[in-house]
Each structure stands twice: as C-alpha cells, then as structure tokens.
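Below you'll find the structure, written out as structure tokens, and then a few comments.
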Amino acid sequence: MDHMKKVGSSSCNDGVLLRMGLNDNKAGMQGLDKEKINKIIMEATKGSRFYENELKKDQQVNQRIEKMMQLKEKITTQQLLKAQLQVDKLVIELEQSRNLSSTIVHIDMDAFYAAVEMRDNPELKEKPIAVGSMSMLSTSNYHARRFGVRAAMPGFIAKKLCPHLTIVPLNFEKYGKVSKEVREILTEYDPNFMPMGLDEAYLNITEHLEERLNWPEDKRRFFFNTESATEKDKDDINMSAKCNEGGYSFSPVLFEDNTPLMDDHPEQRDRSVENSVIFGTSAEEVVKEIRFRIEQKTQLTASAGIAPNTMLAKMCSDRNKPNGQCRIAPERQAVLDFLKDLPIRKVPGIGKVTEKMLKALGIVTCSELYQQRALLSLLFSESSWRNFLDISLGLGSTHLEKDGERKSMSTESEINTAEDQYNLCRELCRDLAQELQKERLK
DNA sequence: GCGGATCAC
DNA sequence: AATGGTGATCCGC
C-alpha cells in the first residue's frame, strides 16, 4: 500500500482547515454547526496575507510529514522488531518507577476574563461576550462559544459568526487583582503552588492531606458569604458591587482560627452554623473546599482536576468544565482507563502540528500512541518519542518544580547552606518513603 | 550558539 | 481594516 501521496492531496483544503478552522475540542463547543462556522471563517480569511502565510506554514508541515512517511517506508520488519524489544524494556523500567503517591491538583478558572467582566457588569450576563479587540480575542463566555466564538479568534470574524457579540476590552489590572485573591486561597493548601498565567495553577496537596487528617471539624468549616449575591438570586447589583470592595478586607479574617469576629461587625452574625459547610478530609473534599472558597470570595467559578501527576491533573480539570471537578484515582488501571480513548490533542504539549503528524500515522488516541511506540521510536527524536511514551503510559511530574531550585541544588558549590541540606534530606526521605511503599505493594 | 518551529497562557 | 506577545523547549544547522 502506498499512502505517500495522500498527504499531498489533502493539503489544498483539509490541511488549512485544520490550521485555521474551528477547534471544537474545547469546553462548551460541542455539537455546533461546524460546516457553517468554517465556511464563514474561510470567507473572511481567504485572500488575506494571514491566509497566505498560514498556507505556507501548512505546506511546510506537509513536507515534514512526507519526509516522515518516506522514512517509514524504509523501515524493515527486522528493525521494527528490534525497536519493539528496546522500547518494551524501557516500558518495564518506566512502569516500575511509576509513582502514584502524590496528589496533584490543577485549578482552572472558568472563562476567566469573560467571567470577571460579567461579574462586574451584570448587563453582560445574558449576552454572548468576548474579551479582547476587533483584532484579537482572549476569551469568550460560554454563550458566545455556542456561535463558534473562541479564544485566539480575531474579533471581526467573531462578529460575523455572532453579530450580537459584545466585545469588552482587556483590563489586565483587574484580572491580576482577582488572580491575587485566588492565589491567597491556594497558598494555604500548597505554599509552593505553581501559577500558570492568571487563571490556572498546579498544587501539590499531598502534605496538606496528611495534616488535614488530624484537623478538627472547625478547621474545615467555611461560611457562605451571605452578603454576596449567589448565582441563582443575583438580582441586587449594588449589593454585589459593594461586597466586591468590602469583601477584600474581611475575607481573610473570616478564615482565621482564633479571631473573635462578631464584636465590631454585627452584620456578620449570620455566620452561624446553618450558614456554614464542613468539608471532609479526602482529596475531592479539599478541592470542593478550594472551589467553594474561590466562589465565595470572588463570585467566580473554577474547575479542577485531581490526579497523581501534573499532566493527568490538567487533562482532568478539562473533563467537567465549567464549574466541575474530576479525579483520577491513584491506581495504574484508573490512569489507563482515563487515557484509553482520549484524543492525543487533549494532552498538554501536543499541538496542531504534532496532532497532524501523528494522524498521518493513524494515531489519534492515547491507546494508539502506545500501540505504535516502536514505530515512533524510529521516526522521532529521542526526547519526542520518550515523551510520547510517557504520555501513553500516563506518566508526568509528580512534584512541582520551583523555578531554579533544582538547578541550584545540583551545583556542588551551593550545597552548603543549612536550608539546602535540610531540603535535600527532605527529598531523600520522601524518595525513600516512596521506594518503601512500592516494595510493600509488590 | 542561533534562528526557526512548536506549544501554552 | 484587521489574525497576540512572550517565554520555554527542542531541533537542525
């Protein structure tokens, strides 16, 4: 069979659509009229400089694919078998070093910029809106996504898809302020949490979970912010606006342990037991608590993923978006079940180009990525195919690297401070504990 | 090393 | 009329 020319022939239209057309693999974009949307996008884009440039880039990708397919043709059964043996040896090693002992959380604010703008201007609440300019949109609310309007789309095209779209200009100062409020909560669960931009973060809550087991209920009790409007009955705009300003100063106090609260603020009396929730000690409960506190403090919702490593946690947080959460249990089989039919495009690090290259090899899902591991080891660079292998096994970082910390630690000259020695010892102990745990599980 | 490509926010 | 700005990483030269 000769598939070589198939790539070339699809380059005239299909390929460009893949590059410029609608990406519906994001939250809130299922089941819309893709044909119609793509037609509008193509009409607006054809003939532009941008279009010519995209065409050129697409052809470069096609050339890469063609080169890869030629390489593939030359591979003998013998080579493939040998590669299979080598890769499978590595698989066993990787499998042995699989570490399921960390609990990693990925927090993702829902349609962040758009949600902030809607919160601060309730007139926008029922409308399709996007944040950005006529040239470029940063994000859109879920209403607008029904029209195919999404992040990274120019506003003038979005207007064609959705003539009633309201475009709100960016206000980074405001988003930064809200982001800071969220981070104040996150840092309580992991002081080393890792922010990714303004609206996302990874947390390692392994330690928090241990400590939390001994906590009394009162330390896990949180109060509804009765002054702030909740989703359902948010009629009073002034009220919520006022709470915005005021909430900033009183929120932190709310959660402090031993402060006498009621005295100088009589209106806080409604912080009685019936206005509170107690969260449990499991990872799910911790994340529910985090999301609850974020919403009480900012009136914005977040989605979250819980998993044994960052890659899985990130994909998990996407699953029940918006305003949902999802957990992958720390078991090998649970990880593999999650990956089974997952399209590789959902994996962080796999973008449009890699997706297209792998598709040319008949690989769309993570299972297929695993199936073709031997072939991939012959067609891609070492770091690439090893990354593919990690992905298909569900392996990823189990700790959050603090920027630079690793590097300075490994240089001998810097290993002298007491703090470094302490940290090093701490890490060694943790590694040892993990080893022991693995031994016991055998 | 450096520039180009890819990817993510 | 109009299709981001930036940083990180990897690859090939």
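Residues in the structure tokens are numbered from 1 in each chain, the chains being A, B, ... in the order shown, and ligands are numbered from 1 in the order shown.
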
Just the residues within 10 Å of DG4 in chain C, please, counting only C-alpha atoms (C1' of nucleotides), with nothing from its chain fewer than 4 positions along; format it as a PyMOL selection string.
chain A and resi 135-138+152+154

Contact table chain A vs chain C, cut-off 10 Å, shortest pair per residue, only C-alpha atoms (C1' of nucleotides), as a tab-separated table:
```
residue	atom	partner	partner_atom	distance
A:Met20	CA	C:DT3	C1'	9.9
A:Thr45	CA	C:DT3	C1'	8.8
A:Ser48	CA	C:DT3	C1'	9.6
A:Arg49	CA	C:DT3	C1'	9.5
A:Phe50	CA	C:DT3	C1'	6.5
A:Tyr51	CA	C:DT3	C1'	9.0
A:Ser133	CA	C:DA2	C1'	9.8
A:Met134	CA	C:DA2	C1'	6.9
A:Ser135	CA	C:DA2	C1'	5.3
A:Met136	CA	C:DT3	C1'	6.8
A:Leu137	CA	C:DG4	C1'	8.9
A:Ser138	CA	C:DG4	C1'	8.9
A:Ala152	CA	C:DG4	C1'	8.0
A:Met153	CA	C:DT3	C1'	7.1
A:Pro154	CA	C:DT3	C1'	5.6
A:Gly155	CA	C:DA2	C1'	8.6
A:Phe156	CA	C:DA2	C1'	7.1
A:Ile157	CA	C:DA2	C1'	9.3
A:Ser381	CA	C:DC11	C1'	8.9
A:Ser383	CA	C:DC10	C1'	8.5
A:Ser384	CA	C:DC10	C1'	9.0
```

With a cut-off of 9 Å and counting only C-alpha atoms (C1' of nucleotides), select all residues of chain A in contact with chain B and give the selection as a PDB file with C-alpha atoms, in the first residue's frame.
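Once everything was written out, this is part-v5.pdb:
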```pdb
ATOM      1  CA  MET A 196       0.358  29.206  35.123  1.00  0.00           C
ATOM      2  CA  GLY A 197      -0.729  32.599  33.932  1.00  0.00           C
ATOM      3  CA  LEU A 198      -3.533  34.425  35.698  1.00  0.00           C
ATOM      4  CA  ASP A 199      -6.237  31.788  35.628  1.00  0.00           C
ATOM      5  CA  GLU A 200      -4.533  28.438  36.232  1.00  0.00           C
ATOM      6  CA  PRO A 348      -0.646  19.314  27.074  1.00  0.00           C
ATOM      7  CA  GLY A 349       2.305  19.653  24.724  1.00  0.00           C
ATOM      8  CA  ILE A 350       0.563  18.058  21.753  1.00  0.00           C
ATOM      9  CA  GLY A 351      -0.477  20.889  19.457  1.00  0.00           C
ATOM     10  CA  LYS A 352      -1.867  21.218  15.956  1.00  0.00           C
ATOM     11  CA  VAL A 353       1.304  20.161  14.184  1.00  0.00           C
ATOM     12  CA  THR A 354       2.076  17.092  16.260  1.00  0.00           C
TER      13      THR A 354
END
```

CA of Lys340 in chain A and CA of Ala374 in chain A are how many Å apart?
18.4 Å

Could you work out how far CA of Phe224 in chain A lies from CA of Val273 in chain A, giving the answer in Å with one decimal?
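One can read the CA of Val273 in chain A to CA of Phe224 in chain A distance as 10.1 Å.
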
Please, which residues of range 28-180 of chain A, numbered as in this document, come out strand (DSSP E) from DSSP, as a list in words?
Ile104, Val105, His106, Ile107, Asp108, Met109, Ile129, Ala130, Val131, Gly132, Leu137, Ser138, Thr139, Ser140, Thr166, Ile167 and Val168 of chain A

Residue selection dump (N, CA and C atoms) as an mmCIF file, in the first residue's frame:
```cif
data_model
loop_
_atom_site.group_PDB
_atom_site.id
_atom_site.type_symbol
_atom_site.label_atom_id
_atom_site.label_comp_id
_atom_site.auth_asym_id
_atom_site.auth_seq_id
_atom_site.Cartn_x
_atom_site.Cartn_y
_atom_site.Cartn_z
ATOM 1 N N ILE A 104 -1.799 15.663 42.996
ATOM 2 C CA ILE A 104 -1.621 16.926 42.293
ATOM 3 C C ILE A 104 -2.990 17.459 41.873
ATOM 4 N N VAL A 105 -3.165 18.743 42.042
ATOM 5 C CA VAL A 105 -4.429 19.388 41.670
ATOM 6 C C VAL A 105 -4.160 20.454 40.622
ATOM 7 N N HIS A 106 -5.002 20.505 39.611
ATOM 8 C CA HIS A 106 -4.946 21.607 38.651
ATOM 9 C C HIS A 106 -6.222 22.414 38.758
ATOM 10 N N ILE A 107 -6.060 23.710 39.042
ATOM 11 C CA ILE A 107 -7.205 24.602 39.173
ATOM 12 C C ILE A 107 -7.267 25.490 37.940
ATOM 13 N N ASP A 108 -8.453 25.640 37.407
ATOM 14 C CA ASP A 108 -8.624 26.393 36.169
ATOM 15 C C ASP A 108 -9.884 27.250 36.276
ATOM 16 N N MET A 109 -9.707 28.565 36.301
ATOM 17 C CA MET A 109 -10.867 29.453 36.390
ATOM 18 C C MET A 109 -11.675 29.378 35.100
ATOM 19 N N ILE A 129 -20.521 37.296 24.990
ATOM 20 C CA ILE A 129 -19.462 38.305 25.043
ATOM 21 C C ILE A 129 -18.092 37.664 24.819
ATOM 22 N N ALA A 130 -17.160 38.518 24.446
ATOM 23 C CA ALA A 130 -15.770 38.088 24.349
ATOM 24 C C ALA A 130 -14.913 39.216 24.881
ATOM 25 N N VAL A 131 -13.718 38.898 25.339
ATOM 26 C CA VAL A 131 -12.799 39.903 25.852
ATOM 27 C C VAL A 131 -11.627 40.028 24.898
ATOM 28 N N GLY A 132 -11.328 41.263 24.502
ATOM 29 C CA GLY A 132 -10.240 41.489 23.559
ATOM 30 C C GLY A 132 -10.562 42.665 22.657
ATOM 31 N N LEU A 137 -9.203 38.184 20.139
ATOM 32 C CA LEU A 137 -9.962 37.882 21.355
ATOM 33 C C LEU A 137 -9.130 37.000 22.292
ATOM 34 N N SER A 138 -9.235 37.307 23.562
ATOM 35 C CA SER A 138 -8.520 36.497 24.556
ATOM 36 C C SER A 138 -9.366 35.347 25.065
ATOM 37 N N THR A 139 -10.634 35.620 25.252
ATOM 38 C CA THR A 139 -11.537 34.548 25.667
ATOM 39 C C THR A 139 -12.972 34.951 25.385
ATOM 40 N N SER A 140 -13.882 34.001 25.508
ATOM 41 C CA SER A 140 -15.297 34.278 25.296
ATOM 42 C C SER A 140 -16.084 33.549 26.377
ATOM 43 N N THR A 166 -20.840 41.098 22.109
ATOM 44 C CA THR A 166 -20.266 42.272 22.774
ATOM 45 C C THR A 166 -18.794 42.001 23.043
ATOM 46 N N ILE A 167 -17.957 42.901 22.561
ATOM 47 C CA ILE A 167 -16.524 42.736 22.806
ATOM 48 C C ILE A 167 -16.065 43.730 23.865
ATOM 49 N N VAL A 168 -15.593 43.211 24.956
ATOM 50 C CA VAL A 168 -15.127 44.045 26.073
ATOM 51 C C VAL A 168 -13.605 44.141 26.003
#
```

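Going from CA of Met118 in chain A over to CA of Arg293 in chain A, you cover 19.3 Å.
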
Could you pull out the residues in range 147-198 of chain A that DSSP calls helix (DSSP H, G or I) from the backbone, as number ranges by chain?
A: 155-161, 172-186

With a distance cut-off of 7 Å and only C-alpha atoms (C1' of nucleotides), select the neighbouring residues of Leu312 in chain A, excluding the residue or stretch itself and same-chain residues fewer than 4 positions from it, and output the selection as a ChimeraX atom specification.
/A:307,316,394
